[in-house]
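Data from coords_29.txt: compact mmCIF, C-alpha atoms
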# COMPACT_ATOMS: atom_id res chain seq x y z
CA MET A 1 -14.21 -57.93 54.40
CA VAL A 2 -14.55 -61.62 53.64
CA ASN A 3 -17.88 -60.91 51.94
CA LEU A 4 -16.12 -58.40 49.75
CA ILE A 5 -13.22 -60.70 48.86
CA TRP A 6 -15.55 -63.58 48.14
CA ALA A 7 -17.91 -61.68 45.84
CA PHE A 8 -14.99 -59.84 44.24
CA MET A 9 -13.25 -63.09 43.23
CA ALA A 10 -16.38 -64.46 41.55
CA ILE A 11 -17.42 -61.19 39.86
CA VAL A 12 -13.95 -60.44 38.50
CA GLY A 13 -13.64 -64.02 37.26
CA ILE A 14 -17.00 -64.05 35.45
CA VAL A 15 -16.56 -60.61 33.87
CA TYR A 16 -13.04 -61.54 32.76
CA ALA A 17 -14.31 -64.79 31.25
CA MET A 18 -16.85 -62.81 29.14
CA PHE A 19 -14.04 -61.00 27.35
CA ASN A 20 -11.42 -63.73 27.50
CA GLY A 21 -13.64 -66.42 25.99
CA THR A 22 -13.13 -68.77 28.92
CA MET A 23 -16.78 -69.06 29.97
CA GLU A 24 -16.76 -72.76 29.17
CA GLU A 25 -13.85 -73.36 31.55
CA VAL A 26 -15.55 -71.28 34.25
CA ASN A 27 -18.79 -73.19 33.89
CA LYS A 28 -16.94 -76.49 34.19
CA ALA A 29 -14.80 -75.30 37.11
CA LEU A 30 -17.89 -74.14 39.02
CA PHE A 31 -19.27 -77.60 39.45
CA GLU A 32 -15.95 -79.40 39.69
CA SER A 33 -14.82 -77.19 42.56
CA ALA A 34 -18.15 -77.57 44.36
CA ASP A 35 -17.68 -81.31 44.08
CA GLU A 36 -14.12 -81.03 45.32
CA ALA A 37 -15.26 -78.99 48.35
CA VAL A 38 -17.81 -81.65 49.28
CA LYS A 39 -15.16 -84.37 49.00
CA LEU A 40 -12.86 -82.30 51.19
CA SER A 41 -15.56 -81.90 53.87
CA ILE A 42 -16.42 -85.60 53.78
CA GLY A 43 -12.72 -86.41 53.98
CA LEU A 44 -12.52 -84.30 57.12
CA ILE A 45 -15.11 -86.45 58.91
CA SER A 46 -12.71 -89.28 59.76
CA ILE A 47 -10.08 -86.92 61.14
CA LEU A 48 -12.56 -84.79 63.06
CA VAL A 49 -14.30 -87.79 64.62
CA PHE A 50 -11.04 -89.43 65.62
CA TRP A 51 -9.39 -86.35 67.13
CA LEU A 52 -12.43 -84.89 68.83
CA GLY A 53 -13.10 -88.33 70.31
CA ILE A 54 -9.58 -88.65 71.69
CA MET A 55 -9.49 -85.06 72.90
CA LYS A 56 -12.76 -85.57 74.75
CA ILE A 57 -11.06 -88.29 76.78
CA ALA A 58 -7.98 -86.10 77.24
CA GLU A 59 -10.16 -83.25 78.46
CA GLU A 60 -12.05 -85.41 80.97
CA ALA A 61 -8.77 -86.93 82.16
CA GLY A 62 -7.42 -83.45 82.91
CA ILE A 63 -4.55 -83.65 80.41
CA LEU A 64 -5.48 -80.40 78.69
CA ARG A 65 -5.48 -78.59 82.01
CA VAL A 66 -1.98 -79.86 82.83
CA LEU A 67 -0.75 -78.83 79.38
CA ALA A 68 -2.27 -75.38 79.78
CA ARG A 69 -0.66 -74.95 83.19
CA LEU A 70 2.80 -75.91 81.89
CA MET A 71 2.88 -73.30 79.14
CA ARG A 72 0.88 -70.69 81.01
CA PRO A 73 3.57 -68.01 81.46
CA ILE A 74 4.03 -67.51 77.70
CA VAL A 75 0.51 -68.05 76.48
CA VAL A 76 -1.09 -65.79 79.06
CA LYS A 77 0.89 -62.91 77.57
CA ILE A 78 -0.30 -63.70 74.05
CA PHE A 79 -3.94 -64.29 75.06
CA PRO A 80 -4.65 -61.89 77.93
CA GLU A 81 -8.44 -62.28 77.60
CA ILE A 82 -8.55 -66.01 78.30
CA PRO A 83 -8.81 -66.94 82.00
CA LYS A 84 -5.99 -69.09 83.36
CA ASP A 85 -6.71 -72.84 83.33
CA HIS A 86 -9.60 -72.36 80.89
CA PRO A 87 -9.95 -75.35 78.50
CA ALA A 88 -9.43 -72.97 75.55
CA MET A 89 -5.77 -72.68 76.61
CA GLY A 90 -5.34 -76.44 76.46
CA TYR A 91 -6.80 -76.64 72.96
CA ILE A 92 -4.74 -73.67 71.73
CA LEU A 93 -1.57 -75.35 72.98
CA SER A 94 -2.50 -78.73 71.48
CA ASN A 95 -3.17 -76.98 68.16
CA PHE A 96 0.25 -75.29 68.25
CA THR A 97 1.98 -78.54 69.16
CA ALA A 98 0.31 -80.41 66.30
CA ASN A 99 1.23 -77.62 63.85
CA ILE A 100 4.85 -77.52 64.94
CA PHE A 101 5.23 -81.24 64.31
CA GLY A 102 3.61 -80.91 60.90
CA LEU A 103 0.48 -82.84 61.92
CA GLY A 104 -1.93 -80.65 59.95
CA ASN A 105 -4.64 -83.32 60.22
CA ALA A 106 -4.63 -83.15 63.98
CA ALA A 107 -4.20 -79.38 64.13
CA THR A 108 -7.47 -78.48 62.40
CA PRO A 109 -9.91 -80.25 64.80
CA LEU A 110 -7.96 -78.94 67.80
CA GLY A 111 -8.04 -75.43 66.37
CA ILE A 112 -11.80 -75.61 65.81
CA LYS A 113 -12.24 -76.81 69.37
CA ALA A 114 -10.14 -73.89 70.62
CA MET A 115 -12.36 -71.51 68.63
CA GLU A 116 -15.46 -73.09 70.17
CA GLU A 117 -14.13 -72.54 73.67
CA MET A 118 -13.24 -68.94 72.83
CA LYS A 119 -16.74 -68.42 71.47
CA LYS A 120 -18.16 -69.65 74.78
CA LEU A 121 -16.13 -66.91 76.45
CA SER A 122 -17.30 -64.12 74.14
CA GLY A 123 -20.82 -65.39 73.38
CA THR A 124 -21.34 -63.38 70.17
CA ASP A 125 -20.91 -63.91 66.44
CA THR A 126 -18.24 -61.23 66.32
CA ALA A 127 -14.63 -62.39 66.34
CA SER A 128 -13.06 -61.77 69.74
CA ARG A 129 -9.55 -60.44 70.27
CA SER A 130 -8.21 -63.87 71.28
CA MET A 131 -9.80 -65.54 68.22
CA ILE A 132 -8.05 -63.12 65.87
CA THR A 133 -4.71 -63.59 67.64
CA PHE A 134 -5.14 -67.36 67.38
CA LEU A 135 -5.98 -67.15 63.67
CA ALA A 136 -3.10 -64.76 62.99
CA LEU A 137 -0.67 -67.26 64.51
CA ASN A 138 -2.19 -70.12 62.53
CA THR A 139 -2.17 -68.31 59.18
CA ALA A 140 1.44 -67.28 59.67
CA GLY A 141 2.20 -71.00 59.84
CA LEU A 142 3.84 -72.67 62.80
CA THR A 143 5.44 -75.51 60.89
CA LEU A 144 8.89 -76.49 62.02
CA ILE A 145 9.34 -79.24 59.45
CA PRO A 146 7.79 -78.59 56.02
CA SER A 147 7.26 -82.29 55.26
CA THR A 148 5.25 -81.83 52.04
CA VAL A 149 7.89 -79.57 50.52
CA ILE A 150 10.65 -81.98 51.51
CA ALA A 151 8.72 -84.79 49.83
CA ILE A 152 8.40 -82.79 46.59
CA ARG A 153 12.11 -81.97 46.64
CA MET A 154 12.97 -85.64 47.10
CA GLN A 155 10.73 -86.54 44.20
CA TYR A 156 12.72 -84.21 41.94
CA ASN A 157 16.06 -85.66 43.08
CA SER A 158 17.30 -82.78 45.17
CA SER A 159 20.88 -83.31 46.37
CA SER A 160 19.77 -81.99 49.76
CA PRO A 161 15.98 -82.07 50.23
CA THR A 162 16.15 -80.74 53.80
CA GLU A 163 18.49 -77.80 53.18
CA ILE A 164 15.49 -75.45 53.09
CA VAL A 165 14.40 -76.31 56.65
CA GLY A 166 16.59 -73.56 58.12
CA THR A 167 15.43 -70.82 55.76
CA THR A 168 11.82 -71.96 56.20
CA ILE A 169 12.03 -71.71 60.00
CA ILE A 170 13.54 -68.21 59.82
CA ALA A 171 10.97 -66.96 57.28
CA SER A 172 8.22 -68.57 59.34
CA ALA A 173 9.47 -66.89 62.51
CA ALA A 174 9.49 -63.51 60.75
CA ALA A 175 5.89 -64.05 59.60
CA LEU A 176 4.90 -65.17 63.09
CA ALA A 177 6.48 -62.19 64.82
CA SER A 178 4.89 -59.77 62.38
CA ALA A 179 1.51 -61.52 62.78
CA LEU A 180 1.68 -60.92 66.53
CA LEU A 181 2.71 -57.27 66.08
CA LEU A 182 0.08 -56.59 63.42
CA ASP A 183 -2.55 -58.22 65.60
CA ARG A 184 -1.65 -55.95 68.51
CA PHE A 185 -1.54 -52.89 66.26
CA PHE A 186 -4.99 -53.44 64.76
CA TYR A 187 -6.44 -54.35 68.14
CA TYR A 188 -5.33 -51.12 69.79
CA ARG A 189 -6.40 -49.17 66.73
CA SER A 190 -9.90 -50.68 66.95
CA LEU A 191 -10.04 -49.66 70.62
CA ARG A 192 -9.12 -46.08 69.78
CA ARG A 193 -11.74 -45.93 67.05
CA LYS A 194 -14.48 -46.95 69.45
CA GLU A 195 -13.73 -44.13 71.87
CA MET B 196 16.15 -85.45 59.81
CA GLY B 197 15.92 -89.09 60.84
CA ILE B 198 15.18 -88.11 64.41
CA ILE B 199 12.49 -85.64 63.38
CA THR B 200 10.74 -88.20 61.17
CA THR B 201 10.83 -90.71 64.01
CA VAL B 202 9.40 -88.16 66.46
CA SER B 203 6.61 -87.33 64.02
CA THR B 204 5.61 -90.95 63.52
CA TRP B 205 5.84 -91.88 67.21
CA LEU B 206 4.11 -88.80 68.53
CA ILE B 207 0.47 -89.67 67.82
CA PRO B 208 0.54 -93.33 68.94
CA CYS B 209 2.40 -92.35 72.12
CA PHE B 210 -0.06 -89.56 72.80
CA LEU B 211 -2.89 -92.07 72.40
CA LEU B 212 -1.17 -94.43 74.82
CA LEU B 213 -0.78 -91.64 77.36
CA VAL B 214 -4.39 -90.44 77.12
CA LEU B 215 -5.86 -93.94 77.35
CA SER B 216 -3.60 -94.97 80.22
CA ILE B 217 -4.49 -91.91 82.27
CA ALA B 218 -8.19 -92.43 81.49
CA GLN B 219 -7.97 -96.05 82.70
CA TRP B 220 -6.13 -95.00 85.82
CA LYS B 221 -8.78 -92.39 86.58
CA LYS B 222 -11.49 -95.04 85.82
CA LEU B 223 -13.12 -92.94 83.09
CA PRO B 224 -15.53 -94.53 80.56
CA SER B 225 -13.05 -93.92 77.73
CA TYR B 226 -14.98 -95.60 74.90
CA GLU B 227 -18.18 -93.71 75.71
CA LEU B 228 -16.27 -90.43 75.91
CA PHE B 229 -14.66 -91.14 72.55
CA VAL B 230 -18.02 -91.71 70.90
CA GLU B 231 -19.48 -88.64 72.54
CA GLY B 232 -16.64 -86.44 71.30
CA GLY B 233 -16.65 -88.09 67.90
CA LYS B 234 -20.30 -87.23 67.32
CA GLU B 235 -19.32 -83.58 67.41
CA GLY B 236 -16.89 -84.29 64.59
CA VAL B 237 -19.65 -85.48 62.26
CA LYS B 238 -21.74 -82.38 62.96
CA LEU B 239 -18.71 -80.15 62.44
CA ALA B 240 -17.78 -81.62 59.08
CA PHE B 241 -21.30 -81.03 57.77
CA SER B 242 -21.51 -77.50 59.13
CA LEU B 243 -18.23 -76.72 57.37
CA LEU B 244 -19.44 -77.98 54.01
CA PRO B 245 -21.25 -74.84 52.74
CA PHE B 246 -18.33 -72.62 53.76
CA LEU B 247 -15.87 -74.72 51.80
CA VAL B 248 -18.11 -75.02 48.75
CA GLY B 249 -18.58 -71.24 48.66
CA MET B 250 -14.91 -70.43 49.01
CA LEU B 251 -13.57 -73.07 46.63
CA VAL B 252 -16.09 -72.16 43.93
CA ALA B 253 -15.17 -68.45 44.03
CA ILE B 254 -11.46 -69.28 43.87
CA SER B 255 -11.99 -71.67 40.96
CA ILE B 256 -13.93 -69.02 38.98
CA LEU B 257 -11.05 -66.61 39.39
CA ARG B 258 -8.53 -69.25 38.35
CA SER B 259 -10.33 -70.88 35.45
CA SER B 260 -11.35 -67.59 33.82
CA GLY B 261 -7.69 -66.67 33.49
CA ALA B 262 -8.20 -63.51 35.57
CA LEU B 263 -5.77 -64.66 38.25
CA GLU B 264 -3.04 -65.28 35.71
CA ALA B 265 -3.73 -61.99 33.95
CA SER B 266 -3.51 -59.96 37.15
CA ILE B 267 -0.25 -61.71 38.00
CA GLY B 268 1.05 -60.69 34.57
CA LEU B 269 0.08 -57.10 35.31
CA ILE B 270 1.78 -56.92 38.67
CA ALA B 271 4.89 -58.91 37.68
CA PRO B 272 6.88 -56.04 36.06
CA LEU B 273 6.32 -53.92 39.14
CA LEU B 274 7.63 -56.63 41.43
CA THR B 275 10.59 -57.39 39.18
CA ALA B 276 11.54 -53.71 39.43
CA ILE B 277 12.00 -54.04 43.19
CA GLY B 278 14.10 -57.18 42.85
CA ILE B 279 11.55 -59.99 43.15
CA PRO B 280 12.22 -62.74 40.58
CA PRO B 281 9.27 -62.83 38.13
CA ASP B 282 9.06 -66.65 38.26
CA ILE B 283 8.15 -66.56 41.92
CA VAL B 284 5.37 -63.95 41.62
CA PRO B 285 2.50 -66.38 40.87
CA LEU B 286 3.38 -68.42 43.96
CA ALA B 287 3.53 -65.35 46.18
CA LEU B 288 0.08 -64.24 45.02
CA VAL B 289 -1.58 -67.64 45.14
CA ARG B 290 -0.15 -68.83 48.49
CA PRO B 291 -2.64 -67.01 50.80
CA ILE B 292 -5.65 -67.87 48.60
CA SER B 293 -5.41 -71.55 47.76
CA GLY B 294 -3.22 -74.19 49.37
CA ASN B 295 -3.70 -76.73 46.58
CA ALA B 296 -2.98 -74.20 43.84
CA ALA B 297 0.15 -73.03 45.67
CA LEU B 298 1.37 -76.59 46.05
CA GLY B 299 0.82 -77.05 42.32
CA VAL B 300 2.81 -73.92 41.50
CA THR B 301 5.63 -74.96 43.86
CA SER B 302 5.91 -78.43 42.30
CA GLU B 303 5.95 -76.91 38.84
CA LEU B 304 8.66 -74.40 39.76
CA ILE B 305 10.77 -77.14 41.32
CA ALA B 306 10.25 -79.36 38.28
CA THR B 307 11.22 -76.62 35.78
CA HIS B 308 14.08 -74.95 37.62
CA GLY B 309 15.34 -77.91 39.65
CA PRO B 310 15.05 -78.27 43.43
CA ASP B 311 18.58 -77.00 44.07
CA SER B 312 18.27 -73.85 41.94
CA PHE B 313 17.68 -70.43 43.49
CA ILE B 314 14.03 -70.41 42.37
CA GLY B 315 13.57 -73.99 43.58
CA ARG B 316 14.88 -73.16 47.04
CA LEU B 317 12.89 -69.92 47.21
CA ALA B 318 9.67 -71.67 46.19
CA SER B 319 10.27 -74.39 48.80
CA THR B 320 10.86 -71.82 51.55
CA MET B 321 7.84 -69.76 50.58
CA GLN B 322 5.55 -72.77 50.42
CA GLY B 323 6.69 -74.03 53.80
CA SER B 324 6.82 -70.80 55.76
CA THR B 325 3.21 -69.60 55.61
CA ASP B 326 -0.20 -71.20 55.65
CA THR B 327 -3.27 -70.62 53.45
CA THR B 328 -4.89 -67.64 55.17
CA LEU B 329 -8.21 -67.80 53.35
CA TYR B 330 -8.68 -71.52 54.09
CA ILE B 331 -7.90 -71.11 57.78
CA LEU B 332 -10.29 -68.17 58.09
CA THR B 333 -13.03 -70.12 56.27
CA VAL B 334 -12.69 -73.27 58.34
CA TYR B 335 -12.11 -71.78 61.80
CA PHE B 336 -14.62 -68.95 61.64
CA GLY B 337 -17.09 -71.08 59.67
CA ALA B 338 -17.03 -73.91 62.19
CA VAL B 339 -18.09 -71.74 65.11
CA GLY B 340 -20.35 -69.37 63.17
CA ILE B 341 -18.42 -66.12 63.42
CA LYS B 342 -19.94 -63.55 61.08
CA LYS B 343 -18.00 -60.38 61.88
CA MET B 344 -14.31 -61.09 61.35
CA ARG B 345 -13.15 -57.54 62.16
CA TYR B 346 -9.45 -57.03 61.39
CA ALA B 347 -8.61 -60.75 61.07
CA VAL B 348 -8.31 -60.75 57.26
CA LYS B 349 -5.97 -57.76 57.27
CA VAL B 350 -3.67 -59.27 59.88
CA GLY B 351 -3.54 -62.63 58.07
CA LEU B 352 -2.77 -61.19 54.64
CA LEU B 353 -0.20 -58.67 55.87
CA ALA B 354 1.59 -61.40 57.82
CA ASP B 355 1.70 -63.43 54.59
CA LEU B 356 3.32 -60.48 52.84
CA VAL B 357 5.98 -60.27 55.54
CA GLY B 358 6.59 -64.03 55.24
CA ILE B 359 7.03 -63.74 51.47
CA ILE B 360 9.45 -60.81 51.71
CA ALA B 361 11.34 -62.56 54.51
CA SER B 362 11.65 -65.71 52.37
CA ILE B 363 13.18 -63.74 49.50
CA ILE B 364 15.67 -61.95 51.77
CA ILE B 365 16.73 -65.07 53.67
CA VAL B 366 17.08 -67.33 50.65
CA THR B 367 19.13 -64.63 48.90
CA LEU B 368 21.39 -64.28 51.95
CA VAL B 369 21.84 -68.01 52.55
CA PHE B 370 21.96 -69.43 49.03
CA GLY B 371 22.25 -66.34 46.81

Can the structure from this file be put into structure tokens for me?
Amino acid sequence: MVNLIWAFMAIVGIVYAMFNGTMEEVNKALFESADEAVKLSIGLISILVFWLGIMKIAEEAGILRVLARLMRPIVVKIFPEIPKDHPAMGYILSNFTANIFGLGNAATPLGIKAMEEMKKLSGTDTASRSMITFLALNTAGLTLIPSTVIAIRMQYNSSSPTEIVGTTIIASAAALASALLLDRFFYYRSLRRKE
Amino acid sequence: MGIITTVSTWLIPCFLLLVLSIAQWKKLPSYELFVEGGKEGVKLAFSLLPFLVGMLVAISILRSSGALEASIGLIAPLLTAIGIPPDIVPLALVRPISGNAALGVTSELIATHGPDSFIGRLASTMQGSTDTTLYILTVYFGAVGIKKMRYAVKVGLLADLVGIIASIIIVTLVFG
């Protein structure tokens, strides 16, 4: 599906530009965005090195295992395929914690690490059930405090920059709950199809 | 708010303190472990690079050609008919595809309509309540080399839709 979306975006854009007379803009945007993507990846190096370095120590020191054990009752229900006390649990929880506190920088490396651990469990290049659940929760957004939005609102002299925190949390919770339900629905549907 | 900001700024340094103290107590070679883990980070960033270039280029073609705007224009009347304010439509459509573009649209909406207007509050809620599905899929699946994503894209995009509808309902109820 991602192959389809990817090719579709480019094809539609190029064909549209032929008739819209925006080929020049497209040509320029092609190379500018490639450049931007490289800068983004390079920018990620510092964060990835720092967090993966620290988390390596945390893992060896047994902190991830303690964290996983604390939250086990809830997370085991959401991720039934991951064995208890597996390091994947620790990384999943650290990723959630970082997201909730709005530490997007820290959340990404931890999330990647969680994916790596889940891949060790499944051992294929097909997304496992737990991976999809994990992604569904991440795409729904786990942010408790939308710090970037608050900053923009302050910049434009809002009389109450934080008044949207409540509505954001409720909307976020609705997206999160539906992500979990949809994930279950499609999982059981895929099981039925296989039979 | 003050408390939350303080927690956010204290959290990482305190976490560092905790990790390093426990490592010292357990007599672990903390510096060597840091370097070992950090090396993975360099490899990861480079393995992510082609995924990000591919995705960002495709999105930029769609945006710069004007096709994205045109399709929004097409769908807008339909959405207005079911009670969705037309001003918010571009944001709703762009949010799952590109985080930077969505942030741009949000800032622009807040600048034009004012942060304390209905549209301003709705844009803020929408921006904050979901994450960029396509970016997360690209980075997380790309980093570990997952080729068959199965139903992940569907779940992500449908959850975004629910988040958008929920934002409209809640903002209408609370501030409407």

- prompt: From the set B:Gly233, B:Gly299, B:Pro272, B:Pro310, which residue has the shortest atom-to-atom contact distance to Leu286 of chain B, counting all atoms listed in the file?
  reply: B:Gly299

message: Please compute the atom CA of Arg290 of chain B-atom CA of Thr327 of chain B distance, one decimal, in Å.
response: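 Between atom CA of Arg290 of chain B and atom CA of Thr327 of chain B the gap works out to 6.1 Å.
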
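Between atom CA of Lys56 of chain A and atom CA of Gly90 of chain A the separation is 11.9 Å.
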
task: Measuring atom to atom with only C-alpha atoms, identify which of B:Leu212, B:Leu269, B:Met250, B:Ala296 is nearest to chain A.
output: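 Ranked by minimum distance to chain A, first place goes to B:Met250.
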
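Going from atom CA of Lys342 of chain B over to atom CA of Lys238 of chain B, you cover 19.0 Å.
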
task: Write out as JSON, numbers by chain the residues lying within 7 Å of segment 301-309 of chain B, counting only C-alpha atoms and excluding same-chain residues fewer than 6 positions away.
output: {"A": [152, 156], "B": [286, 315, 318, 319, 322]}

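Remark: for chain B, the closest of the candidate residues A:Met89, A:Ile74, A:Ala29, A:Leu181 is A:Ala29 (distances computed over all atoms listed in the file).
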
message: Given the point (-7.2, -76.5, 65.7) in the file's coordinates, find the residues that have an atom at most 8 Å from it, counting all atoms listed in the file, and give them as a PyMOL selection string.
response: (chain A and resi 91-92+94-96+106-115) or (chain B and resi 335)

Writing out the chosen residues with C-alpha atoms as a short mmCIF file (atom, residue, chain, number, x, y, z; two decimals), in the coordinates of the input:
data_model
loop_
_atom_site.label_atom_id
_atom_site.label_comp_id
_atom_site.auth_asym_id
_atom_site.auth_seq_id
_atom_site.Cartn_x
_atom_site.Cartn_y
_atom_site.Cartn_z
CA TYR A 91 -6.80 -76.64 72.96
CA ILE A 92 -4.74 -73.67 71.73
CA SER A 94 -2.50 -78.73 71.48
CA ASN A 95 -3.17 -76.98 68.16
CA PHE A 96 0.25 -75.29 68.25
CA ALA A 106 -4.63 -83.15 63.98
CA ALA A 107 -4.20 -79.38 64.13
CA THR A 108 -7.47 -78.48 62.40
CA PRO A 109 -9.91 -80.25 64.80
CA LEU A 110 -7.96 -78.94 67.80
CA GLY A 111 -8.04 -75.43 66.37
CA ILE A 112 -11.80 -75.61 65.81
CA LYS A 113 -12.24 -76.81 69.37
CA ALA A 114 -10.14 -73.89 70.62
CA MET A 115 -12.36 -71.51 68.63
CA TYR B 335 -12.11 -71.78 61.80
#
